[in-house]
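This is run29.txt (compact mmCIF, C-alpha atoms and all ligand atoms).
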```txt
# COMPACT_ATOMS: atom_id res chain seq x y z
CA MET M 1 69.93 140.47 54.99
CA ILE M 2 71.57 137.60 53.13
CA ALA M 3 70.45 134.04 53.88
CA ILE M 4 73.17 131.40 53.71
CA GLY M 5 73.10 127.63 54.00
CA SER M 6 75.14 124.58 53.10
CA ASP M 7 75.46 120.87 53.60
CA HIS M 8 78.48 119.33 55.36
CA ALA M 9 80.59 119.59 52.19
CA GLY M 10 79.95 123.33 51.99
CA TYR M 11 80.31 124.05 55.70
CA GLU M 12 83.93 125.33 55.63
CA LEU M 13 83.32 127.60 52.65
CA LYS M 14 80.09 128.85 54.25
CA THR M 15 82.09 129.82 57.35
CA GLU M 16 84.58 131.76 55.19
CA ILE M 17 81.81 133.56 53.30
CA ILE M 18 79.98 134.53 56.50
CA LYS M 19 83.21 135.91 57.97
CA TYR M 20 83.92 137.83 54.75
CA LEU M 21 80.43 139.32 54.47
CA GLU M 22 80.23 140.26 58.14
CA ASN M 23 83.61 142.01 57.87
CA LYS M 24 82.15 144.04 55.01
CA GLY M 25 79.20 145.02 57.21
CA CYS M 26 76.61 142.77 55.52
CA ALA M 27 73.93 141.18 57.70
CA VAL M 28 73.90 137.41 57.24
CA LYS M 29 71.47 134.80 58.56
CA ASP M 30 72.99 131.33 58.78
CA PHE M 31 70.52 128.48 58.20
CA GLY M 32 73.10 125.74 58.82
CA THR M 33 74.43 123.16 58.69
CA TYR M 34 76.53 124.07 61.69
CA SER M 35 79.29 121.46 61.47
CA ALA M 36 81.18 119.46 58.87
CA ASP M 37 81.15 116.39 61.12
CA CYS M 38 77.70 115.04 60.26
CA SER M 39 76.67 114.07 56.77
CA VAL M 40 73.43 115.92 56.00
CA ASP M 41 71.10 116.24 53.01
CA TYR M 42 71.49 119.37 50.89
CA PRO M 43 67.74 119.74 50.04
CA ASP M 44 67.04 120.39 53.74
CA TYR M 45 69.22 123.52 53.65
CA ALA M 46 68.16 124.58 50.16
CA VAL M 47 64.55 124.83 51.30
CA LEU M 48 65.38 126.83 54.44
CA VAL M 49 67.27 129.47 52.47
CA ALA M 50 64.73 129.43 49.63
CA LYS M 51 61.84 130.03 52.05
CA ALA M 52 63.71 132.91 53.70
CA VAL M 53 64.12 134.55 50.28
CA ILE M 54 60.57 133.89 49.06
CA SER M 55 59.03 135.18 52.29
CA GLY M 56 61.05 138.40 52.05
CA GLU M 57 62.85 137.74 55.33
CA CYS M 58 66.10 137.87 53.34
CA GLU M 59 66.69 139.71 50.04
CA LYS M 60 69.04 137.12 48.59
CA GLY M 61 70.51 133.73 49.44
CA ILE M 62 73.74 131.81 49.09
CA LEU M 63 73.79 128.00 49.04
CA ILE M 64 76.82 125.75 49.05
CA CYS M 65 77.31 122.03 48.61
CA GLY M 66 80.20 120.00 47.23
CA THR M 67 79.48 120.74 43.58
CA GLY M 68 76.73 123.34 44.00
CA ILE M 69 74.63 121.15 41.72
CA GLY M 70 72.36 119.31 44.14
CA ILE M 71 71.64 122.33 46.29
CA SER M 72 70.83 124.52 43.27
CA ILE M 73 68.57 121.87 41.75
CA ALA M 74 66.72 121.58 45.07
CA ALA M 75 66.37 125.36 45.52
CA ASN M 76 65.04 125.76 41.99
CA LYS M 77 62.09 123.51 42.88
CA ILE M 78 60.73 126.28 45.10
CA PRO M 79 58.45 128.61 43.08
CA GLY M 80 59.98 132.06 42.75
CA ILE M 81 63.53 130.88 43.26
CA ARG M 82 66.11 131.47 40.58
CA ALA M 83 69.23 129.78 41.91
CA ALA M 84 72.34 130.17 39.77
CA LEU M 85 75.32 127.87 40.11
CA CYS M 86 78.37 130.00 39.34
CA THR M 87 82.01 129.04 38.98
CA ASN M 88 83.36 132.43 37.93
CA THR M 89 82.64 136.14 38.30
CA TYR M 90 81.24 136.47 34.76
CA MET M 91 78.55 133.89 35.50
CA ALA M 92 77.82 135.59 38.82
CA ARG M 93 77.36 139.00 37.18
CA MET M 94 75.27 137.64 34.32
CA SER M 95 73.09 135.60 36.67
CA ILE M 96 71.91 138.89 38.12
CA GLU M 97 72.01 141.11 35.00
CA HIS M 98 70.13 138.69 32.75
CA ASN M 99 68.41 136.19 35.06
CA ASN M 100 67.78 138.23 38.22
CA ALA M 101 68.97 135.26 40.28
CA ASN M 102 67.89 135.44 43.89
CA ILE M 103 70.13 132.63 45.10
CA LEU M 104 73.81 132.10 44.34
CA ALA M 105 74.94 128.46 44.46
CA LEU M 106 78.58 127.52 44.90
CA GLY M 107 80.51 124.24 44.82
CA SER M 108 83.04 124.05 47.62
CA ARG M 109 84.83 121.11 45.96
CA VAL M 110 84.98 122.92 42.63
CA ILE M 111 86.33 126.39 43.44
CA GLY M 112 88.70 127.77 46.07
CA VAL M 113 87.88 130.27 48.77
CA GLY M 114 89.42 133.23 46.89
CA THR M 115 87.38 132.57 43.77
CA ALA M 116 84.24 132.03 45.85
CA LEU M 117 84.65 135.39 47.59
CA ASP M 118 85.23 137.16 44.25
CA ILE M 119 82.07 135.49 42.92
CA VAL M 120 80.10 136.64 45.97
CA ASP M 121 81.31 140.21 45.45
CA ALA M 122 80.47 140.20 41.73
CA TRP M 123 77.03 138.76 42.48
CA LEU M 124 76.22 141.28 45.19
CA GLU M 125 77.45 144.24 43.14
CA ALA M 126 75.47 143.39 39.98
CA SER M 127 72.02 144.76 39.10
CA PHE M 128 69.25 143.30 36.97
CA ALA M 129 69.36 144.79 33.47
CA GLY M 130 65.57 144.58 32.93
CA GLY M 131 64.33 145.32 29.41
CA LYS M 132 64.15 142.20 27.25
CA HIS M 133 65.44 140.15 30.19
CA GLU M 134 62.38 141.09 32.24
CA LYS M 135 60.14 139.32 29.72
CA ARG M 136 62.34 136.20 29.78
CA VAL M 137 62.40 136.00 33.55
CA GLU M 138 58.64 136.50 33.53
CA LYS M 139 58.37 133.50 31.20
CA ILE M 140 60.11 131.41 33.88
CA SER M 141 57.42 132.52 36.35
CA ILE M 142 54.74 131.51 33.86
CA LEU M 143 56.34 128.06 33.53
CA GLU M 144 56.25 127.72 37.31
CA LYS M 145 52.55 128.53 37.35
CA GLU M 146 51.81 126.13 34.48
CA TYR M 147 53.62 123.23 36.14
CA LYS M 148 52.80 124.09 39.76
CA THR M 149 51.80 121.21 42.01
CA GLY M 150 52.82 122.18 45.51
CA VAL M 151 52.46 124.24 48.64
CA GLU M 152 52.42 128.01 49.06
CA PHE M 153 54.99 129.77 51.21
C1 LIG C 1 77.87 115.42 49.39
O1 LIG C 1 78.79 114.38 49.39
C2 LIG C 1 77.65 115.89 47.97
O2 LIG C 1 76.96 114.93 47.24
C3 LIG C 1 76.89 117.20 47.96
O3 LIG C 1 77.58 118.14 48.71
C4 LIG C 1 76.67 117.85 46.61
O4 LIG C 1 77.86 117.94 45.89
C5 LIG C 1 75.56 117.32 45.80
O5 LIG C 1 75.23 117.84 44.73
```
Would you write the structure of this file as structure tokens?
Amino acid sequence: MIAIGSDHAGYELKTEIIKYLENKGCAVKDFGTYSADCSVDYPDYAVLVAKAVISGECEKGILICGTGIGISIAANKIPGIRAALCTNTYMARMSIEHNNANILALGSRVIGVGTALDIVDAWLEASFAGGKHEKRVEKISILEKEYKTGVEF
């Protein structure tokens, strides 16, 4: 199951990605927002998708806002989340191979629908390379523990 969420700026692209993934037979859980008409706050959707991933309810997540910046910054505040903002398929592939990203962040005002769908495909098809990258990702987890202040999920 893939968790997906966006703010109002990402709503249209979210709709396209859901349609695309469902047509491919992927199960998707939509955490909103459910309209482009109301201006909403991207951290509210980042946390919903992040919690779904951390709890194991969903294996991976996709988050979209206008630039992808705010929503990825917000998601990366949740311990265990590695949200990668990608603007091309190389970044998408590397975010999995080297960083084992568990959330893909996209900017709906930065890339078009075609590029976004290619990025989603590249991201879903990639696998974590492990090896020396395992140790580096583990160091991120250690940083989270060292600087941890907040709640458990
Ligand atoms: C909303 O206008 C916009 O600020 C938001 O979608 C995002 O780009 C923030 O990083």
Which residue of M:Gly66, M:Pro79, M:Gly10, M:Gly61 approaches Arg109 (chain M) most closely, using all atoms listed in the file: M:Gly66
Nearby polymer residues, ligand LIG 1 (chain C), at most 7 Å, all atoms listed in the file, as an NGL selection string: :M and (7-10 or 42 or 65-71 or 107)
Near region 12-16 of chain M, 10 Å: region 32-104 of chain M residue rows, closest pairs, only C-alpha atoms, as a tab-separated table:
```
residue	atom	partner	partner_atom	distance
M:Gly32	CA	M:Lys14	CA	8.9
M:Thr33	CA	M:Lys14	CA	9.2
M:Tyr34	CA	M:Thr15	CA	9.1
M:Ser35	CA	M:Glu12	CA	8.4
M:Ala36	CA	M:Glu12	CA	7.2
M:Ile62	CA	M:Lys14	CA	8.7
M:Leu63	CA	M:Lys14	CA	8.2
M:Ile64	CA	M:Lys14	CA	6.9
M:Cys65	CA	M:Leu13	CA	9.1
M:Gly66	CA	M:Leu13	CA	9.8
```
Counting all atoms listed in the file, the residue of M:Thr115, M:Met94, M:Asn99, M:Ile4 that sits nearest Ala52 (chain M):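 Of M:Thr115, M:Met94, M:Asn99, M:Ile4, the one nearest Ala52 (chain M), counting all atoms listed in the file, is M:Ile4.
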Given only C-alpha atoms as the counted atoms, nearest of M:Ile17, M:Ile96, M:Ile142, M:Ile2 to Val120 (chain M):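 Selected residue with least distance to Val120 (chain M): M:Ile17.
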For CA of Lys145 (chain M) and CA of Val47 (chain M), the interatomic separation in Å (one decimal):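 About the pair CA of Lys145 (chain M) and CA of Val47 (chain M): they are 18.8 Å apart.
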Nearest to Ser72 (chain M) by atom-to-atom distance, counting only C-alpha atoms, from M:Ser6, M:Ser127, M:Thr89, M:Thr149: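 With only C-alpha atoms as the atom set, the closest residue is M:Ser6.
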Pick from M:Met91, M:Ala3, M:Leu106, M:Ile111, whichever lies nearest to Cys26 (chain M) using only C-alpha atoms: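 Checking each candidate against Cys26 (chain M), we get M:Ala3 as the closest.
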Point-to-point distance in Å for CA of Ile103 (chain M) and CA of Lys139 (chain M):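 So the two atoms, CA of Lys139 (chain M) and CA of Ile103 (chain M), lie 18.2 Å apart.
Closest approach to Tyr20 (chain M) among M:Glu59, M:Gly131, M:Glu146, M:Leu117 is made by M:Leu117 (distances from only C-alpha atoms).
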Residues near Gly80 (chain M), cut-off 12 Å, all atoms listed in the file, skip fewer than 6 positions along chain, as a PyMOL selection string: chain M and resi 50-56+60+100-103+137-145+148+152-153
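In this model, the gap between CA of Asp118 (chain M) and CA of Arg82 (chain M) comes to 20.3 Å.
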Just add N, CA and C atoms to region 75-94 of chain M and send it as a PDB file, keeping the file's coordinate frame.
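Output file part31.pdb is given in full below:
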```pdb
ATOM      1  N   ALA M  75      66.908 123.998  45.316  1.00  0.00           N
ATOM      2  CA  ALA M  75      66.370 125.360  45.520  1.00  0.00           C
ATOM      3  C   ALA M  75      65.467 125.767  44.372  1.00  0.00           C
ATOM      4  N   ASN M  76      65.825 125.360  43.166  1.00  0.00           N
ATOM      5  CA  ASN M  76      65.040 125.760  41.990  1.00  0.00           C
ATOM      6  C   ASN M  76      63.685 125.058  41.909  1.00  0.00           C
ATOM      7  N   LYS M  77      63.426 124.120  42.809  1.00  0.00           N
ATOM      8  CA  LYS M  77      62.090 123.510  42.880  1.00  0.00           C
ATOM      9  C   LYS M  77      61.102 124.406  43.611  1.00  0.00           C
ATOM     10  N   ILE M  78      61.609 125.404  44.328  1.00  0.00           N
ATOM     11  CA  ILE M  78      60.730 126.280  45.100  1.00  0.00           C
ATOM     12  C   ILE M  78      60.272 127.416  44.183  1.00  0.00           C
ATOM     13  N   PRO M  79      58.938 127.560  43.977  1.00  0.00           N
ATOM     14  CA  PRO M  79      58.450 128.610  43.080  1.00  0.00           C
ATOM     15  C   PRO M  79      58.974 129.990  43.484  1.00  0.00           C
ATOM     16  N   GLY M  80      59.459 130.713  42.489  1.00  0.00           N
ATOM     17  CA  GLY M  80      59.980 132.060  42.750  1.00  0.00           C
ATOM     18  C   GLY M  80      61.481 132.090  42.920  1.00  0.00           C
ATOM     19  N   ILE M  81      62.069 130.923  43.108  1.00  0.00           N
ATOM     20  CA  ILE M  81      63.530 130.880  43.260  1.00  0.00           C
ATOM     21  C   ILE M  81      64.205 130.754  41.907  1.00  0.00           C
ATOM     22  N   ARG M  82      65.231 131.588  41.735  1.00  0.00           N
ATOM     23  CA  ARG M  82      66.110 131.470  40.580  1.00  0.00           C
ATOM     24  C   ARG M  82      67.522 131.322  41.146  1.00  0.00           C
ATOM     25  N   ALA M  83      67.912 130.065  41.330  1.00  0.00           N
ATOM     26  CA  ALA M  83      69.230 129.780  41.910  1.00  0.00           C
ATOM     27  C   ALA M  83      70.220 129.547  40.774  1.00  0.00           C
ATOM     28  N   ALA M  84      71.342 130.255  40.831  1.00  0.00           N
ATOM     29  CA  ALA M  84      72.340 130.170  39.770  1.00  0.00           C
ATOM     30  C   ALA M  84      73.641 129.589  40.325  1.00  0.00           C
ATOM     31  N   LEU M  85      74.042 128.485  39.748  1.00  0.00           N
ATOM     32  CA  LEU M  85      75.320 127.870  40.110  1.00  0.00           C
ATOM     33  C   LEU M  85      76.422 128.553  39.315  1.00  0.00           C
ATOM     34  N   CYS M  86      77.333 129.208  40.008  1.00  0.00           N
ATOM     35  CA  CYS M  86      78.370 130.000  39.340  1.00  0.00           C
ATOM     36  C   CYS M  86      79.760 129.518  39.719  1.00  0.00           C
ATOM     37  N   THR M  87      80.625 129.438  38.717  1.00  0.00           N
ATOM     38  CA  THR M  87      82.010 129.040  38.980  1.00  0.00           C
ATOM     39  C   THR M  87      82.989 130.166  38.650  1.00  0.00           C
ATOM     40  N   ASN M  88      82.476 131.282  38.184  1.00  0.00           N
ATOM     41  CA  ASN M  88      83.360 132.430  37.930  1.00  0.00           C
ATOM     42  C   ASN M  88      82.569 133.734  38.056  1.00  0.00           C
ATOM     43  N   THR M  89      83.289 134.847  38.051  1.00  0.00           N
ATOM     44  CA  THR M  89      82.640 136.140  38.300  1.00  0.00           C
ATOM     45  C   THR M  89      81.745 136.557  37.131  1.00  0.00           C
ATOM     46  N   TYR M  90      82.094 136.135  35.921  1.00  0.00           N
ATOM     47  CA  TYR M  90      81.240 136.470  34.760  1.00  0.00           C
ATOM     48  C   TYR M  90      79.856 135.839  34.930  1.00  0.00           C
ATOM     49  N   MET M  91      79.835 134.567  35.286  1.00  0.00           N
ATOM     50  CA  MET M  91      78.550 133.890  35.500  1.00  0.00           C
ATOM     51  C   MET M  91      77.768 134.572  36.619  1.00  0.00           C
ATOM     52  N   ALA M  92      78.482 134.958  37.671  1.00  0.00           N
ATOM     53  CA  ALA M  92      77.820 135.590  38.820  1.00  0.00           C
ATOM     54  C   ALA M  92      77.156 136.903  38.382  1.00  0.00           C
ATOM     55  N   ARG M  93      77.896 137.706  37.627  1.00  0.00           N
ATOM     56  CA  ARG M  93      77.360 139.000  37.180  1.00  0.00           C
ATOM     57  C   ARG M  93      76.177 138.787  36.237  1.00  0.00           C
ATOM     58  N   MET M  94      76.348 137.867  35.293  1.00  0.00           N
ATOM     59  CA  MET M  94      75.270 137.640  34.320  1.00  0.00           C
ATOM     60  C   MET M  94      74.036 137.009  34.970  1.00  0.00           C
TER      61      MET M  94
END
```
